[in-house]
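Please read the structure below before turning to the comments.
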Amino acid sequence: MSGFRLPRGGDGIDRSQPLTFRYNGRTLQGFAGDTLASALLANGVSIVGRGFKYHRPRGVIGTGFAETNALVQLGEGAALTPNMPATLVPLREGLVASSPTGWPSTRFDLGRLNDRLAALLSAGFYYKTFIWPNWHWFEPFIRRAAGFGTAPALPDPDRYEARERHADVLVIGGGPAGLAAAEAAHAAGAKVLLVEADTRLSGPLPPGVEALTRTTALGYYDANFVTAVEEIDTGALRQRLWKLRAAQVVIATGAFERPMLFANNDLPGVMLASAVQTYIARYGVAPGKAVLFATAEDAAYAAAFAAQEAGLAVRAIVDLRPAPPLAEQARARGIPVHAGSHVCAARGWSRVRGAVIDGPDGAQRIGCDLIAVSGGWSPAVQLFSQSGGRTRHDPALGGFVPDKAAQPTHVCGLAAGLRDLDEAVASGRARWLAAARGDAPTAPLPLAGPPAPPLPPGDNPKRVFVDLQTDVTLADLEQATRENYRSVEHVKRYTVWGMGVDQGRLSSTNGVAALAQLRGDDPAALGTTKYRPPFAPVAIAALAADRPNGALFRPWQLLPAHDWHVAQGAVFEDFGHLRPSHYPPAGESMGAAARREALAVRGNVGIMDSSSFGKIELKGPEAGRFLDLISLGRPSTIPVGRARYNLLCDELGVLLDDGVIARLADDHFLLNASSGHAARVRGWIEDWHQCQWPLDLVTRDVTEEWAVLTVAGPKARDVVRAAGCALPPASADFPHLSVAEATLDGHRVRIQRVSFTGELSYEIAIAAPQAGMLADRLWEAGQAFGMVPFGLEALDILRIEKGFIHVGTDTDGATIPADIGWGKPGQREGDYLGKRSLLHPSASKTGRRQLVGLEPLERQEPLPVGAHVVGGSPHPSQGFVTSSCFSPTLDRAIALGLLADGRQRHGEMVDIWSEGRAFRARVVAPRFLDPEGARLHV
Amino acid sequence: MLRIDCPWCGPRDEDEFVNGGDAHIDRPEPPEQVSPEDWAAYLFFHTNPKGVLAERWVHSFGCRRWFHALRDTVSHRILATYRPDAPRPDGVA
């Protein structure tokens, strides 16, 4: 309870606009312009969270993105947002926030017992329990104890949107360097977009430059594609995702001040020196009353002077350097300076009460409630690293700086390691001018910073926190080094150093320095871990803002006559299209309905919807020649008005699809593809036509343009005729495998006599909008003949009875045409796709899996699909069941399968095994019903 | 996300395109005279270079036409795109 609002100051807040908010159930007050973090500090809240492993109390350590401790949950219920750094949350009236960590409360956390058990929770704790004794003993406990927040279980009620924007130059960062770069780029005639995560820029926006504030660049991908998220929070819209692309990208993201390593450096009251300065100057908040500054460089002196001017007691400046240049200035202000000294430990239980320092003046304890630390600056190279750029270690800076860009990326200002303001601004201009001249990105200018300080030794490495967010201590890094983890990437994964929500923004450089010191190595040799997007936590809903969601996530594809099927009582299933599976009267099971419908088709007549079958038209003088090249049959020899069953193979000779090709005119073919393969076959035809055989033809996918209704069964012709389609009277004039155009009520229809049921069958195609009319017309006509609608379940029975395969179900990635009984491999004359593969000896060798029928010994019990035919050696599986059903017509279970040398084994009894159950079945020809096709040729 | 310059439509985002594997792989013909080695080379044995690779791409969510691209497999940069009947451009490294 030692932070407080200063009586004056705070250029970022408006004291005339008080705001009320709730935090952990308490009602508190702040001002417009506050962040949640500054408002909490102003209210004396010092503990804002608990450590991840040891549940030690944690306070606000920084501002903006430089915050690893104060992760809060915003909102409640469905609108709950976890993992938000309080330093990035602008205060608004009615804001509700809570700290997720700590039980029973953030202030009194029983989990702190873990702090006493620290020895048990060493690095790699859970990897080790995988091996011994047993991870599952610990898992429930660890899962409950770990983590930063709770994901809401309800759908996100907020709205998000996505937009795209192109620019000549994208400047990331609205500090002095970024603004200078934007101004120079605009002056050079470029269209400039600047994004800044903060609510305000560091100076006036150059005229003509477009800027987005509260917009955080999250990811930097190939081809200068950058994603950013803009906080809107208007109620109507929460966030906007920006997809930005620019010819040149300028990174001016500044640098992060580094914490210092000493014992208990995680206590509330340890804060970055720059943050202390910002809280005083921008928010008019003092994070403590008595401050000790621990530094290795000059910037902290300015912070100390500012603190003193704001009325805080500056107890001392502890400087690692033996001769700090500003020491006399500080002493003149009455601030004691301990040169060549360091902090050994912070003292206090739930917050800082003092510090133990050591140096030439001897070890001593200094009372204070705030330790402001400045361990040097690390350029924010995260986006540069994401872009593919290489970093290098700069010994002068003690950190990593951008080195070699992989894209048109330019880094300027602090992000390039330039600490002097004038230099940073100049670099902003120079970067852009170099870019405008088309120069390749160059390495940043040399640095002029102080030498890197040595790491202060800690008095208890178990309490020296390298990564505050994931509770990784110096002891953990020591252990990883002892256990011979060499690569920083491995150390990261083993210890979880740098893995939290902040991805090591404050801990990365210190960790590398510590590891280097532990193994007596050069930090340059270690390098950094690779930074990955997103730079900051982001709501998944924002990333998905331009993706269809809910019912539109994957919209149902409805058949053109969908409403008609609904009226018939269809039960639908998702086959890409939503298609009727069966039409049960009340109380009828799916199996019973399918058997009833199948019997009706065999004995009488049925109607089904075939609209989803692929329909690809090929037209042109060379269409026949082209079809001969891509298919196994010889479509060029099909007479006009006739159709033929055909196979398509890939270049491996493996079956791609099957279907009927109809010849509509001398130069005009219609290729029927399976529903599930239509899109693939279409793309495949386009590929071979464009890239291999650019013959004189055009192709067109007309699948969605035509609705198709199939009337099948012995009385099909009567129904079609009664519906008003003028058909030739007998089979001789319009035999099986014919195609003709006709009219129905003035509408053009295309009739194909093809069959996937084995019965007399007419597929009647009409323009899709007329599908309902056609269905009604056929249905009325069918009433006199007892016609029933039938779905895919019945169709499956009907086609299995006939041994009609479904490519991809009854074939696999090794099935060639000969395996399903289509002639001798490669025998057809001329070239066609896959022929060379089919001529290979492996296509004719013994042992190939061939299509067979299977009749189970138990007549009533269908075989499980996927069950294996077992026995024999060396391979225990000789094949498997691919399709199976109970045939009501034959009153027995039947199946299709692929079986090694199956065609030579008709009559043999085989053993079949599935999930612990054994079956016996007889191998038969894959044709259970009407093998001569007499029912088709009527 | 890559930016791909479709030679038929102009530059578009990567997600409008589908990659179709190596370009300039000639189909050996006629099948009866192709050796097993040549056929295997056509089907399977492609160069897979670290560096510049000529690839087939199709503008699936656009003009649906195929074209070729030279892509650096290390940097992902697309160095050139050209129509499928054009030869591989010289001097692109």
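Each chain in the structure tokens gets a letter, A, B, ..., in the order shown, and its residues are numbered from 1; ligands are numbered from 1 in order too.
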Contacts of chain B with chain A up to 6 Å, shortest pair per row, only C-alpha atoms, as a Markdown table:
| residue | atom | partner | partner_atom | distance |
| --- | --- | --- | --- | --- |
| B:Met1 | CA | A:Asp222 | CA | 5.2 |
| B:Leu2 | CA | A:Ala223 | CA | 5.4 |
| B:Pro31 | CA | A:Arg836 | CA | 4.8 |
- Message: Run DSSP on the backbone and tell me which residues of region 829-867 of chain A come out as strand (DSSP E); list them as number ranges by chain.
- Response: A: 849-856
List the spatial neighbours of Ile371 (chain A) as an mmCIF file with N, CA and C atoms, in the first residue's frame - criterion: any atom at most 8 Å away, only C-alpha atoms, same-chain residues fewer than 5 positions off excluded.
data_model
loop_
_atom_site.group_PDB
_atom_site.id
_atom_site.type_symbol
_atom_site.label_atom_id
_atom_site.label_comp_id
_atom_site.auth_asym_id
_atom_site.auth_seq_id
_atom_site.Cartn_x
_atom_site.Cartn_y
_atom_site.Cartn_z
ATOM 1 N N GLY A 269 7.349 -3.888 -5.875
ATOM 2 C CA GLY A 269 8.174 -2.759 -5.461
ATOM 3 C C GLY A 269 9.487 -2.743 -6.222
ATOM 4 N N VAL A 270 9.777 -3.815 -6.994
ATOM 5 C CA VAL A 270 10.907 -3.761 -7.916
ATOM 6 C C VAL A 270 10.334 -3.358 -9.267
ATOM 7 N N MET A 271 10.814 -2.263 -9.807
ATOM 8 C CA MET A 271 10.220 -1.723 -11.029
ATOM 9 C C MET A 271 11.307 -1.186 -11.941
ATOM 10 N N VAL A 291 12.759 5.543 -2.779
ATOM 11 C CA VAL A 291 13.240 4.781 -3.933
ATOM 12 C C VAL A 291 14.746 4.575 -3.856
ATOM 13 N N LEU A 292 15.153 3.361 -4.226
ATOM 14 C CA LEU A 292 16.564 3.096 -4.444
ATOM 15 C C LEU A 292 16.718 2.768 -5.931
ATOM 16 N N PHE A 293 17.641 3.477 -6.589
ATOM 17 C CA PHE A 293 17.875 3.214 -7.998
ATOM 18 C C PHE A 293 19.070 2.289 -8.148
ATOM 19 N N ALA A 294 18.916 1.240 -8.921
ATOM 20 C CA ALA A 294 20.015 0.325 -9.222
ATOM 21 C C ALA A 294 20.206 0.365 -10.722
ATOM 22 N N VAL A 352 8.656 -4.869 -1.197
ATOM 23 C CA VAL A 352 10.009 -4.421 -0.853
ATOM 24 C C VAL A 352 9.986 -3.585 0.422
ATOM 25 N N ALA A 355 16.834 -2.979 0.652
ATOM 26 C CA ALA A 355 17.737 -3.652 -0.258
ATOM 27 C C ALA A 355 19.088 -3.834 0.418
#
- Task: Give the helix (DSSP H, G or I) residues of chain B, as DSSP finds them on the backbone, and put them as a PyMOL selection string.
- Result: chain B and resi 14-16+31-33+36-43
- Message: Give me the residues near Asp26 (chain B) as a list of chain:residue names, where near means some atom within 10 Å (using only C-alpha atoms) and where sequence neighbours in that chain fewer than 3 positions away do not count.
- Response: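 Final neighbour list, sorted by chain and number: A:Gln692, B:Ala23, B:Glu29, B:Tyr42.
Residue neighbourhood of region 55-57 of chain B, excluding near-sequence residues (fewer than 4 positions): Phe17, Val18, Asn19, Gly20, Gly21, Asp22, Ala23, Trp66, Phe67, His68, Ala69 and Leu70 of chain B, at 7 Å, using only C-alpha atoms.
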